[in-house]
$ cat data-v2.cif   # mmCIF, C-alpha atoms and all ligand atoms
data_final
#
loop_
_atom_site.group_PDB
_atom_site.id
_atom_site.type_symbol
_atom_site.label_atom_id
_atom_site.label_comp_id
_atom_site.auth_asym_id
_atom_site.auth_seq_id
_atom_site.Cartn_x
_atom_site.Cartn_y
_atom_site.Cartn_z
ATOM 1 C CA MET R 1 113.502 97.705 93.979
ATOM 2 C CA ASP R 2 111.750 98.205 90.626
ATOM 3 C CA ARG R 3 108.518 96.722 91.960
ATOM 4 C CA PRO R 4 106.436 97.388 95.112
ATOM 5 C CA PHE R 5 106.936 95.590 98.427
ATOM 6 C CA ILE R 6 104.383 92.794 97.987
ATOM 7 C CA PHE R 7 102.731 90.688 100.686
ATOM 8 C CA ILE R 8 99.909 88.143 100.629
ATOM 9 C CA ASN R 9 97.345 88.144 103.408
ATOM 10 C CA SER R 10 94.918 85.202 103.583
ATOM 11 C CA ALA R 11 92.749 83.344 106.037
ATOM 12 C CA MET R 12 92.748 79.571 105.789
ATOM 13 C CA SER R 13 91.192 76.679 107.645
ATOM 14 C CA ALA R 14 93.304 74.378 109.830
ATOM 15 C CA ASP R 15 93.542 72.104 106.770
ATOM 16 C CA GLY R 16 94.811 74.896 104.496
ATOM 17 C CA LYS R 17 91.632 75.710 102.536
ATOM 18 C CA LEU R 18 90.549 79.221 101.533
ATOM 19 C CA SER R 19 86.895 78.356 100.889
ATOM 20 C CA THR R 20 84.590 75.373 100.311
ATOM 21 C CA LYS R 21 84.571 72.997 97.358
ATOM 22 C CA GLU R 22 81.718 75.141 95.893
ATOM 23 C CA ARG R 23 84.089 78.148 96.227
ATOM 24 C CA LYS R 24 81.709 79.603 98.808
ATOM 25 C CA GLN R 25 83.287 82.196 101.100
ATOM 26 C CA VAL R 26 83.629 81.020 104.714
ATOM 27 C CA LYS R 27 84.089 83.170 107.808
ATOM 28 C CA ILE R 28 87.511 81.959 108.916
ATOM 29 C CA SER R 29 88.724 85.120 110.624
ATOM 30 C CA GLY R 30 87.172 86.380 113.838
ATOM 31 C CA LYS R 31 86.540 90.032 114.699
ATOM 32 C CA LEU R 32 90.169 90.736 115.647
ATOM 33 C CA ASP R 33 91.592 89.223 112.481
ATOM 34 C CA PHE R 34 89.173 91.192 110.306
ATOM 35 C CA GLU R 35 90.359 94.325 112.176
ATOM 36 C CA ARG R 36 93.979 93.360 111.447
ATOM 37 C CA MET R 37 93.115 92.858 107.773
ATOM 38 C CA ASP R 38 91.369 96.261 107.685
ATOM 39 C CA GLU R 39 94.495 97.901 109.136
ATOM 40 C CA LEU R 40 96.663 96.215 106.482
ATOM 41 C CA ARG R 41 94.307 97.518 103.783
ATOM 42 C CA ALA R 42 94.438 101.013 105.264
ATOM 43 C CA GLN R 43 98.250 100.984 105.251
ATOM 44 C CA ALA R 44 98.609 99.616 101.701
ATOM 45 C CA ASP R 45 98.881 101.685 98.532
ATOM 46 C CA ALA R 46 96.978 98.999 96.601
ATOM 47 C CA ILE R 47 95.058 95.733 97.100
ATOM 48 C CA MET R 48 95.022 93.004 94.440
ATOM 49 C CA VAL R 49 92.719 90.010 93.901
ATOM 50 C CA GLY R 50 92.189 87.508 91.095
ATOM 51 C CA ILE R 51 89.056 87.438 88.943
ATOM 52 C CA GLY R 52 88.155 84.075 90.543
ATOM 53 C CA THR R 53 87.711 85.865 93.859
ATOM 54 C CA VAL R 54 85.613 88.615 92.291
ATOM 55 C CA LEU R 55 83.322 86.069 90.605
ATOM 56 C CA ALA R 56 83.061 83.942 93.763
ATOM 57 C CA ASP R 57 82.823 86.581 96.521
ATOM 58 C CA ASP R 58 82.107 89.925 94.844
ATOM 59 C CA PRO R 59 84.289 91.740 97.407
ATOM 60 C CA SER R 60 84.313 95.538 97.694
ATOM 61 C CA LEU R 61 87.904 95.580 99.001
ATOM 62 C CA THR R 62 87.191 98.831 100.846
ATOM 63 C CA VAL R 63 88.658 99.976 104.154
ATOM 64 C CA LYS R 64 85.848 99.416 106.621
ATOM 65 C CA SER R 65 86.718 101.477 109.698
ATOM 66 C CA PRO R 66 85.627 105.151 109.513
ATOM 67 C CA GLU R 67 88.685 106.114 111.634
ATOM 68 C CA ARG R 68 91.105 104.419 109.226
ATOM 69 C CA LYS R 69 89.373 105.998 106.220
ATOM 70 C CA ALA R 70 89.608 109.413 107.915
ATOM 71 C CA ALA R 71 93.300 108.864 108.683
ATOM 72 C CA ARG R 72 93.974 108.092 105.035
ATOM 73 C CA LYS R 73 92.118 111.268 104.022
ATOM 74 C CA ALA R 74 94.068 113.330 106.565
ATOM 75 C CA ALA R 75 97.273 112.004 105.009
ATOM 76 C CA GLY R 76 96.103 113.297 101.625
ATOM 77 C CA LYS R 77 95.197 109.832 100.270
ATOM 78 C CA SER R 78 91.963 108.417 98.901
ATOM 79 C CA GLU R 79 89.760 106.608 101.467
ATOM 80 C CA ASN R 80 90.652 103.293 99.879
ATOM 81 C CA PRO R 81 93.859 101.937 98.393
ATOM 82 C CA VAL R 82 93.917 101.391 94.637
ATOM 83 C CA ARG R 83 91.881 98.225 93.986
ATOM 84 C CA ILE R 84 93.307 95.906 91.340
ATOM 85 C CA ILE R 85 91.726 92.871 89.658
ATOM 86 C CA ILE R 86 93.856 90.384 87.691
ATOM 87 C CA ASP R 87 91.497 89.480 84.894
ATOM 88 C CA SER R 88 93.150 88.122 81.703
ATOM 89 C CA ALA R 89 89.910 87.777 79.711
ATOM 90 C CA ALA R 90 88.143 90.918 81.079
ATOM 91 C CA ARG R 91 85.416 88.917 82.828
ATOM 92 C CA THR R 92 84.863 91.445 85.642
ATOM 93 C CA PRO R 93 81.092 92.109 85.875
ATOM 94 C CA LEU R 94 80.241 95.766 85.254
ATOM 95 C CA ASP R 95 78.028 95.735 88.351
ATOM 96 C CA ALA R 96 80.730 94.274 90.639
ATOM 97 C CA ASP R 97 80.758 95.652 94.193
ATOM 98 C CA ILE R 98 84.281 96.950 93.673
ATOM 99 C CA PHE R 99 82.789 99.569 91.316
ATOM 100 C CA LYS R 100 79.756 100.344 93.487
ATOM 101 C CA LYS R 101 81.386 100.851 96.861
ATOM 102 C CA GLY R 102 83.890 103.410 98.113
ATOM 103 C CA GLU R 103 86.040 105.999 96.444
ATOM 104 C CA GLY R 104 89.436 105.552 94.819
ATOM 105 C CA LEU R 105 91.058 104.263 91.668
ATOM 106 C CA ARG R 106 90.275 100.781 90.366
ATOM 107 C CA ILE R 107 92.612 98.970 87.976
ATOM 108 C CA ILE R 108 91.636 95.998 85.847
ATOM 109 C CA ALA R 109 94.710 94.188 84.507
ATOM 110 C CA VAL R 110 93.832 92.273 81.338
ATOM 111 C CA SER R 111 95.791 90.424 78.639
ATOM 112 C CA ASN R 112 96.158 91.475 75.013
ATOM 113 C CA SER R 113 93.584 88.847 74.022
ATOM 114 C CA ALA R 114 90.757 90.297 76.159
ATOM 115 C CA PRO R 115 87.699 91.330 74.096
ATOM 116 C CA ALA R 116 87.939 94.992 72.984
ATOM 117 C CA GLU R 117 84.225 95.750 73.563
ATOM 118 C CA LYS R 118 84.376 94.611 77.193
ATOM 119 C CA ILE R 119 87.581 96.587 77.743
ATOM 120 C CA LYS R 120 85.779 99.684 76.466
ATOM 121 C CA SER R 121 82.963 99.200 78.990
ATOM 122 C CA LEU R 122 85.415 98.580 81.820
ATOM 123 C CA GLU R 123 87.320 101.749 80.923
ATOM 124 C CA GLU R 124 84.257 103.754 81.969
ATOM 125 C CA LYS R 125 84.700 102.442 85.506
ATOM 126 C CA ALA R 126 88.400 101.735 85.907
ATOM 127 C CA ARG R 127 91.858 102.130 84.469
ATOM 128 C CA VAL R 128 92.545 99.124 82.265
ATOM 129 C CA ILE R 129 96.153 97.924 81.934
ATOM 130 C CA LYS R 130 97.024 95.418 79.188
ATOM 131 C CA THR R 131 100.011 93.087 79.661
ATOM 132 C CA GLY R 132 100.761 89.570 78.422
ATOM 133 C CA ASP R 133 99.404 87.786 75.360
ATOM 134 C CA PHE R 134 96.826 85.436 76.902
ATOM 135 C CA LYS R 135 97.509 85.783 80.633
ATOM 136 C CA VAL R 136 98.295 88.921 82.600
ATOM 137 C CA ASN R 137 102.080 89.295 82.821
ATOM 138 C CA LEU R 138 102.443 89.750 86.581
ATOM 139 C CA PRO R 139 106.136 90.824 86.665
ATOM 140 C CA GLU R 140 105.504 93.472 83.990
ATOM 141 C CA LEU R 141 102.420 94.682 85.859
ATOM 142 C CA ALA R 142 104.378 94.943 89.122
ATOM 143 C CA VAL R 143 106.900 97.276 87.471
ATOM 144 C CA LEU R 144 104.093 99.427 86.012
ATOM 145 C CA LEU R 145 102.434 99.682 89.436
ATOM 146 C CA LYS R 146 105.693 100.859 90.989
ATOM 147 C CA GLU R 147 106.004 103.496 88.249
ATOM 148 C CA MET R 148 102.493 104.682 89.221
ATOM 149 C CA GLY R 149 103.702 105.288 92.790
ATOM 150 C CA ILE R 150 102.439 102.053 94.365
ATOM 151 C CA ASN R 151 105.108 101.107 96.895
ATOM 152 C CA THR R 152 103.169 98.631 99.066
ATOM 153 C CA LEU R 153 100.883 96.059 97.476
ATOM 154 C CA MET R 154 98.620 93.729 99.456
ATOM 155 C CA VAL R 155 97.509 90.570 97.620
ATOM 156 C CA GLU R 156 94.291 89.067 98.992
ATOM 157 C CA GLY R 157 94.129 85.869 96.937
ATOM 158 C CA GLY R 158 92.686 83.687 95.786
ATOM 159 C CA ALA R 159 94.496 80.415 95.385
ATOM 160 C CA THR R 160 95.480 80.791 91.710
ATOM 161 C CA LEU R 161 96.698 84.379 91.981
ATOM 162 C CA ASN R 162 98.710 83.441 95.099
ATOM 163 C CA TRP R 163 100.444 80.766 93.000
ATOM 164 C CA GLY R 164 100.985 83.188 90.107
ATOM 165 C CA MET R 165 102.632 85.759 92.368
ATOM 166 C CA LEU R 166 104.695 83.271 94.396
ATOM 167 C CA SER R 167 105.904 81.282 91.398
ATOM 168 C CA ALA R 168 106.934 84.502 89.618
ATOM 169 C CA GLY R 169 109.092 85.457 92.617
ATOM 170 C CA LEU R 170 106.993 88.552 93.282
ATOM 171 C CA VAL R 171 106.186 88.070 96.981
ATOM 172 C CA ASP R 172 108.247 89.394 99.906
ATOM 173 C CA GLU R 173 106.100 88.257 102.853
ATOM 174 C CA VAL R 174 103.116 85.989 103.507
ATOM 175 C CA TYR R 175 100.631 86.402 106.376
ATOM 176 C CA THR R 176 98.293 83.476 106.964
ATOM 177 C CA PHE R 177 95.621 83.429 109.639
ATOM 178 C CA VAL R 178 94.845 79.785 110.405
ATOM 179 C CA GLY R 179 91.300 79.493 111.768
ATOM 180 C CA ASN R 180 89.669 76.908 114.005
ATOM 181 C CA LEU R 181 87.793 74.856 111.419
ATOM 182 C CA ILE R 182 88.271 72.077 108.873
ATOM 183 C CA ILE R 183 86.809 72.566 105.390
ATOM 184 C CA GLY R 184 88.099 69.534 103.492
ATOM 185 C CA GLY R 185 87.531 68.587 99.862
ATOM 186 C CA LYS R 186 90.230 67.939 97.281
ATOM 187 C CA THR R 187 88.784 70.604 94.971
ATOM 188 C CA ALA R 188 88.425 73.301 97.622
ATOM 189 C CA PRO R 189 90.941 76.123 96.981
ATOM 190 C CA THR R 190 94.052 75.943 99.155
ATOM 191 C CA PHE R 191 96.347 78.830 100.068
ATOM 192 C CA THR R 192 98.374 78.131 96.899
ATOM 193 C CA ASP R 193 96.939 76.190 93.953
ATOM 194 C CA GLY R 194 98.277 76.483 90.389
ATOM 195 C CA GLU R 195 100.556 73.778 89.004
ATOM 196 C CA GLY R 196 102.803 73.542 92.091
ATOM 197 C CA PHE R 197 106.568 73.394 92.470
ATOM 198 C CA THR R 198 108.734 70.371 91.786
ATOM 199 C CA GLU R 199 111.024 69.233 94.587
ATOM 200 C CA ALA R 200 113.890 71.195 93.010
ATOM 201 C CA GLU R 201 111.849 74.412 92.902
ATOM 202 C CA LEU R 202 110.397 74.509 96.451
ATOM 203 C CA LEU R 203 110.121 77.963 97.986
ATOM 204 C CA GLY R 204 111.830 78.425 101.357
ATOM 205 C CA LEU R 205 110.360 80.618 104.107
ATOM 206 C CA GLU R 206 111.636 82.226 107.287
ATOM 207 C CA LEU R 207 109.165 82.372 110.188
ATOM 208 C CA LEU R 208 108.909 85.981 111.343
ATOM 209 C CA SER R 209 106.258 85.489 114.053
ATOM 210 C CA ALA R 210 103.449 83.270 115.336
ATOM 211 C CA GLU R 211 100.681 84.950 117.299
ATOM 212 C CA LYS R 212 97.524 83.498 118.822
ATOM 213 C CA ILE R 213 94.513 85.620 117.834
ATOM 214 C CA GLU R 214 91.214 84.554 119.427
ATOM 215 C CA ASP R 215 90.910 80.861 118.545
ATOM 216 C CA GLY R 216 93.333 80.873 115.613
ATOM 217 C CA ILE R 217 96.950 81.629 114.856
ATOM 218 C CA LEU R 218 98.564 84.271 112.675
ATOM 219 C CA LEU R 219 101.756 83.144 110.972
ATOM 220 C CA LYS R 220 104.025 85.727 109.352
ATOM 221 C CA TRP R 221 106.589 84.437 106.884
ATOM 222 C CA LYS R 222 109.354 86.051 104.856
ATOM 223 C CA ILE R 223 110.133 84.528 101.462
ATOM 224 C CA LYS R 224 113.721 83.338 101.384
ATOM 225 C CA GLY R 225 113.780 82.011 97.807
ATOM 226 C CA LYS R 226 114.537 78.601 96.388
ATOM 227 C CA LYS R 227 114.943 76.059 99.216
HETATM 228 N N1 LIG F 1 90.097 83.010 102.793
HETATM 229 C C1 LIG F 1 90.688 83.990 102.122
HETATM 230 O O1 LIG F 1 91.516 84.739 102.673
HETATM 231 C C2 LIG F 1 90.364 84.179 100.686
HETATM 232 C C3 LIG F 1 89.637 83.238 99.988
HETATM 233 N N2 LIG F 1 89.421 83.378 98.647
HETATM 234 C C4 LIG F 1 88.736 82.304 97.933
HETATM 235 O O2 LIG F 1 89.544 81.858 96.837
HETATM 236 C C5 LIG F 1 88.686 81.407 95.801
HETATM 237 C C6 LIG F 1 89.118 82.024 94.496
HETATM 238 O O3 LIG F 1 90.373 81.522 94.127
HETATM 239 P P1 LIG F 1 90.641 81.116 92.616
HETATM 240 O O4 LIG F 1 89.434 80.476 92.062
HETATM 241 O O5 LIG F 1 91.903 80.365 92.588
HETATM 242 O O6 LIG F 1 90.742 82.504 91.854
HETATM 243 P P2 LIG F 1 91.738 83.768 91.962
HETATM 244 O O7 LIG F 1 91.065 84.835 92.727
HETATM 245 O O8 LIG F 1 93.096 83.342 92.387
HETATM 246 O O9 LIG F 1 91.770 84.256 90.469
HETATM 247 C C7 LIG F 1 92.399 83.428 89.530
HETATM 248 C C8 LIG F 1 92.295 83.992 88.162
HETATM 249 O O10 LIG F 1 93.199 85.078 88.000
HETATM 250 C C9 LIG F 1 93.491 85.175 86.648
HETATM 251 N N3 LIG F 1 94.888 85.399 86.309
HETATM 252 C C10 LIG F 1 95.251 86.177 85.294
HETATM 253 N N4 LIG F 1 96.560 86.207 85.123
HETATM 254 C C11 LIG F 1 97.067 85.417 86.064
HETATM 255 C C12 LIG F 1 98.388 85.037 86.357
HETATM 256 N N5 LIG F 1 99.427 85.506 85.663
HETATM 257 N N6 LIG F 1 98.583 84.183 87.377
HETATM 258 C C13 LIG F 1 97.521 83.740 88.086
HETATM 259 N N7 LIG F 1 96.232 84.061 87.844
HETATM 260 C C14 LIG F 1 96.009 84.891 86.819
HETATM 261 C C15 LIG F 1 93.074 83.870 85.971
HETATM 262 O O11 LIG F 1 91.931 84.159 85.178
HETATM 263 C C16 LIG F 1 92.714 82.996 87.113
HETATM 264 O O12 LIG F 1 91.656 82.127 86.809
HETATM 265 C C17 LIG F 1 87.276 81.788 96.162
HETATM 266 O O13 LIG F 1 86.594 80.632 96.597
HETATM 267 C C18 LIG F 1 87.453 82.776 97.314
HETATM 268 O O14 LIG F 1 86.386 82.696 98.237
HETATM 269 C C19 LIG F 1 89.862 84.491 97.967
HETATM 270 C C20 LIG F 1 90.544 85.464 98.622
HETATM 271 C C21 LIG F 1 90.841 85.414 100.027
HETATM 272 N N1 LIG F 2 90.993 87.704 105.852
HETATM 273 C C1 LIG F 2 89.874 87.021 105.535
HETATM 274 N N2 LIG F 2 89.264 86.257 106.460
HETATM 275 C C2 LIG F 2 88.179 85.536 106.131
HETATM 276 O O1 LIG F 2 87.601 84.771 107.059
HETATM 277 C C3 LIG F 2 87.653 85.603 104.859
HETATM 278 N N3 LIG F 2 86.524 84.908 104.544
HETATM 279 C C4 LIG F 2 88.310 86.436 103.918
HETATM 280 N N4 LIG F 2 87.818 86.509 102.678
HETATM 281 C C5 LIG F 2 88.153 87.516 101.715
HETATM 282 O O2 LIG F 2 87.882 88.854 102.137
HETATM 283 C C6 LIG F 2 87.431 89.621 101.037
HETATM 284 C C7 LIG F 2 86.142 90.350 101.372
HETATM 285 O O3 LIG F 2 86.347 91.700 101.211
HETATM 286 P P1 LIG F 2 85.177 92.769 101.485
HETATM 287 O O4 LIG F 2 84.672 92.546 102.867
HETATM 288 O O5 LIG F 2 84.108 92.567 100.466
HETATM 289 O O6 LIG F 2 85.846 94.083 101.353
HETATM 290 C C8 LIG F 2 87.217 88.671 99.908
HETATM 291 O O7 LIG F 2 88.238 88.756 98.960
HETATM 292 C C9 LIG F 2 87.238 87.310 100.561
HETATM 293 O O8 LIG F 2 87.650 86.267 99.730
HETATM 294 N N5 LIG F 2 89.424 87.131 104.280
#
$ encode --input "data-v2.cif" --output "C-alpha cells" --more "lines below"
Ligand SMILES: NC(=O)C1=CN([C@@H]2O[C@H](COP(=O)(O)OP(=O)(O)OC[C@H]3O[C@@H](n4cnc5c(N)ncnc54)[C@H](O)[C@@H]3O)[C@@H](O)[C@H]2O)C=CC1
Ligand SMILES: Nc1nc(O)c(N)c(N[C@@H]2O[C@H](COP(=O)(O)O)[C@@H](O)[C@H]2O)n1
Amino acid sequence: MDRPFIFINSAMSADGKLSTKERKQVKISGKLDFERMDELRAQADAIMVGIGTVLADDPSLTVKSPERKAARKAAGKSENPVRIIIDSAARTPLDADIFKKGEGLRIIAVSNSAPAEKIKSLEEKARVIKTGDFKVNLPELAVLLKEMGINTLMVEGGATLNWGMLSAGLVDEVYTFVGNLIIGGKTAPTFTDGEGFTEAELLGLELLSAEKIEDGILLKWKIKGKK
C-alpha cells in the first residue's frame, strides 16, 4: 500500500456525539478505555488530529504510561509517535500543548494558502508540510507520510477530520468507544460531520468485534467500501 494503515479511534456518547454543543471536551471514556487509547498511541507510528480539536481541547497527544514510553525507547523509537495536526490555514497556536509536552517530531500539515509568516514561526517548532491549494490534500499527505516511514497512523478526530479521511477513502478501521451518557444538541460534533454521503455513496462496514468495557461498549469496524 502506498499509504499507512490508518485507523480512527474516538469516544462518543450513546447518542453519537464527540463533545458538547460548546465543543467542550467531555470525559466519555473510563479508566480502562483511556488505557486502551494509550496503548494504541504507543503502538502507532503517528497520531493525527484536526485543528478544530487543537483549538477546542489543546491536547498533548503524548503517550501517558511511563512503561509504554520506556518500551518505545527500548525499541529505538521516540517516547511519542509523530504528532500531526491538519491545519489548512496554519492556525495552530505557538504555545499549544503539543509543542510543550513530550519528545518527538511534530508535523503541521498546511495548505498552499496558509500565511507565510505563521508558517515560518511554526517551522521553529515542527516540520511543516504544504499540500493542497486551500485545504490540506489528505490523500497526498498520506503518501508523503508513508514515504517518511509512517506505517501505522492513528486518527483521533475530530468530527470534520474524521469525515475528511473517511470520504477520501483513507481509513482501514474504525474503533468507537460508546460511553454511558447522552450529550444531545444538533450542533454538537458527531463521530462524522462534514457534508455527509448521499444514499448512493454510503460507506459499508464489517463488524470486527463488540466488547463491553466498564459501563460502555467498544465497537471495532473494518471499512468495506461503498455499500
Ligand atoms: N471524543 C473524542 O474522541 C474526540 C472529540 N473531539 C472533539 O471534536 C471537536 C472538534 O471537531 P471539529 O471541530 O470537527 O474539528 P477537527 O478536529 O475535525 O478539525 C477540523 C479542521 O481540520 C481542518 N482540515 C484541513 N484540511 C482538511 C481536510 N482535507 N478535511 C477535513 N478537515 C480538514 C479544517 O480546518 C477543519 O476545520 C472538539 O469539540 C473535540 O473536543 C476531538 C477528538 C476526539
Ligand atoms: N478516547 C477519548 N475518550 C474521551 O472520553 C475523550 N474525551 C477523548 N478526547 C480526546 O483525547 C485527546 C486528549 O489527549 P491528551 O490527553 O491531551 O493527550 C483529545 O484529542 C480529546 O479530544 N478521547
$ closest_residue --input "data-v2.cif" --among "R:Ile150, R:Ala168, R:Leu218, R:Ala90" --to "Glu201 of chain R" --atoms "all atoms listed in the file"
R:Ala168
$ axis_aligned_box --input "data-v2.cif" --around "segment 148-151 of chain R" --padding-each-side "8 Å" --output "lines of an AutoDock Vina configuration file"
center_x = 103.8
center_y = 103.2
center_z = 93.1
size_x = 18.7
size_y = 20.2
size_z = 23.7
$ closest_residue --input "data-v2.cif" --among "R:Lys186, R:Arg41, R:Lys120, R:Lys73" --to "ligand LIG 2 (chain F)" --atoms "all atoms listed in the file"
R:Arg41
$ resolve_selection --input "data-v2.cif" --expression "the PyMOL selection byres (((not hetatm)) within 6 of (chain F and resi 1))" --output "ChimeraX atom specification"
/R:10-12,18-19,23-25,49-53,56-57,86-88,135-138,156-161,164,189
$ atom_distance --input "data-v2.cif" --atom1 "atom CA of Lys69 of chain R" --atom2 "atom CA of Ile107 of chain R"
19.8 Å
$ residues_around --input "data-v2.cif" --residues "segment 221-226 of chain R" --least-positions-apart "2" --cutoff "8 Å" --atoms "all atoms listed in the file" --output "list in words"
Gly169, Val171, Asp172, Glu173, Val174, Tyr175, Glu201, Leu202, Leu203, Gly204, Leu205, Glu206, Leu207, Leu208, Ser209 and Leu219 of chain R
$ atom_distance --input "data-v2.cif" --atom1 "atom CA of Leu55 of chain R" --atom2 "atom CA of Asn162 of chain R"
16.2 Å
$ closest_residue --input "data-v2.cif" --among "R:Ala14, R:Ile28, R:Val128, R:Ile213" --to "Gly184 of chain R" --atoms "all atoms listed in the file"
R:Ala14
$ closest_residue --input "data-v2.cif" --among "R:Gly30, R:Gly216, R:Pro4, R:Gly104" --to "ligand LIG 2 (chain F)" --atoms "all atoms listed in the file"
R:Gly30
$ atom_distance --input "data-v2.cif" --atom1 "atom CA of Thr176 of chain R" --atom2 "atom CA of Lys220 of chain R"
6.6 Å
$ build_atoms --input "data-v2.cif" --residues "segment 160-168 of chain R" --atoms "all heavy atoms" --output "tab-separated table (two decimals), keeping the file's coordinate frame"
chain	number	residue	atom	x	y	z
R	160	THR	N	94.75	80.80	92.99
R	160	THR	CA	95.48	80.79	91.71
R	160	THR	C	96.38	82.02	91.60
R	160	THR	O	97.52	81.93	91.15
R	160	THR	CB	94.48	80.76	90.53
R	160	THR	OG1	93.52	79.73	90.78
R	160	THR	CG2	95.17	80.49	89.21
R	161	LEU	N	95.86	83.17	92.02
R	161	LEU	CA	96.70	84.38	91.98
R	161	LEU	C	97.87	84.23	92.96
R	161	LEU	O	99.00	84.63	92.66
R	161	LEU	CB	95.87	85.63	92.31
R	161	LEU	CG	96.70	86.92	92.29
R	161	LEU	CD1	97.27	87.21	90.91
R	161	LEU	CD2	95.87	88.11	92.77
R	162	ASN	N	97.61	83.65	94.13
R	162	ASN	CA	98.71	83.44	95.10
R	162	ASN	C	99.83	82.64	94.43
R	162	ASN	O	101.00	82.97	94.55
R	162	ASN	CB	98.22	82.71	96.35
R	162	ASN	CG	97.35	83.58	97.25
R	162	ASN	OD1	97.24	84.79	97.02
R	162	ASN	ND2	96.72	82.98	98.24
R	163	TRP	N	99.45	81.56	93.72
R	163	TRP	CA	100.44	80.77	93.00
R	163	TRP	C	101.16	81.61	91.95
R	163	TRP	O	102.39	81.59	91.83
R	163	TRP	CB	99.79	79.54	92.34
R	163	TRP	CG	100.64	78.95	91.26
R	163	TRP	CD1	100.47	79.08	89.91
R	163	TRP	CD2	101.83	78.17	91.43
R	163	TRP	NE1	101.48	78.43	89.24
R	163	TRP	CE2	102.34	77.87	90.14
R	163	TRP	CE3	102.54	77.73	92.55
R	163	TRP	CZ2	103.49	77.12	89.93
R	163	TRP	CZ3	103.70	76.98	92.34
R	163	TRP	CH2	104.17	76.69	91.05
R	164	GLY	N	100.40	82.38	91.17
R	164	GLY	CA	100.98	83.19	90.11
R	164	GLY	C	102.04	84.14	90.66
R	164	GLY	O	103.13	84.28	90.11
R	165	MET	N	101.71	84.78	91.78
R	165	MET	CA	102.63	85.76	92.37
R	165	MET	C	103.84	85.06	92.99
R	165	MET	O	104.98	85.49	92.82
R	165	MET	CB	101.90	86.58	93.43
R	165	MET	CG	100.77	87.44	92.89
R	165	MET	SD	101.30	88.75	91.78
R	165	MET	CE	102.06	89.90	92.92
R	166	LEU	N	103.59	83.97	93.72
R	166	LEU	CA	104.70	83.27	94.40
R	166	LEU	C	105.63	82.63	93.38
R	166	LEU	O	106.85	82.72	93.50
R	166	LEU	CB	104.14	82.21	95.35
R	166	LEU	CG	103.50	82.75	96.64
R	166	LEU	CD1	102.60	81.70	97.28
R	166	LEU	CD2	104.58	83.20	97.63
R	167	SER	N	105.06	82.00	92.36
R	167	SER	CA	105.90	81.28	91.40
R	167	SER	C	106.69	82.25	90.51
R	167	SER	O	107.72	81.88	89.95
R	167	SER	CB	105.08	80.31	90.56
R	167	SER	OG	104.09	81.02	89.85
R	168	ALA	N	106.19	83.50	90.40
R	168	ALA	CA	106.93	84.50	89.62
R	168	ALA	C	107.98	85.21	90.48
R	168	ALA	O	108.66	86.12	90.00
R	168	ALA	CB	105.95	85.51	89.03
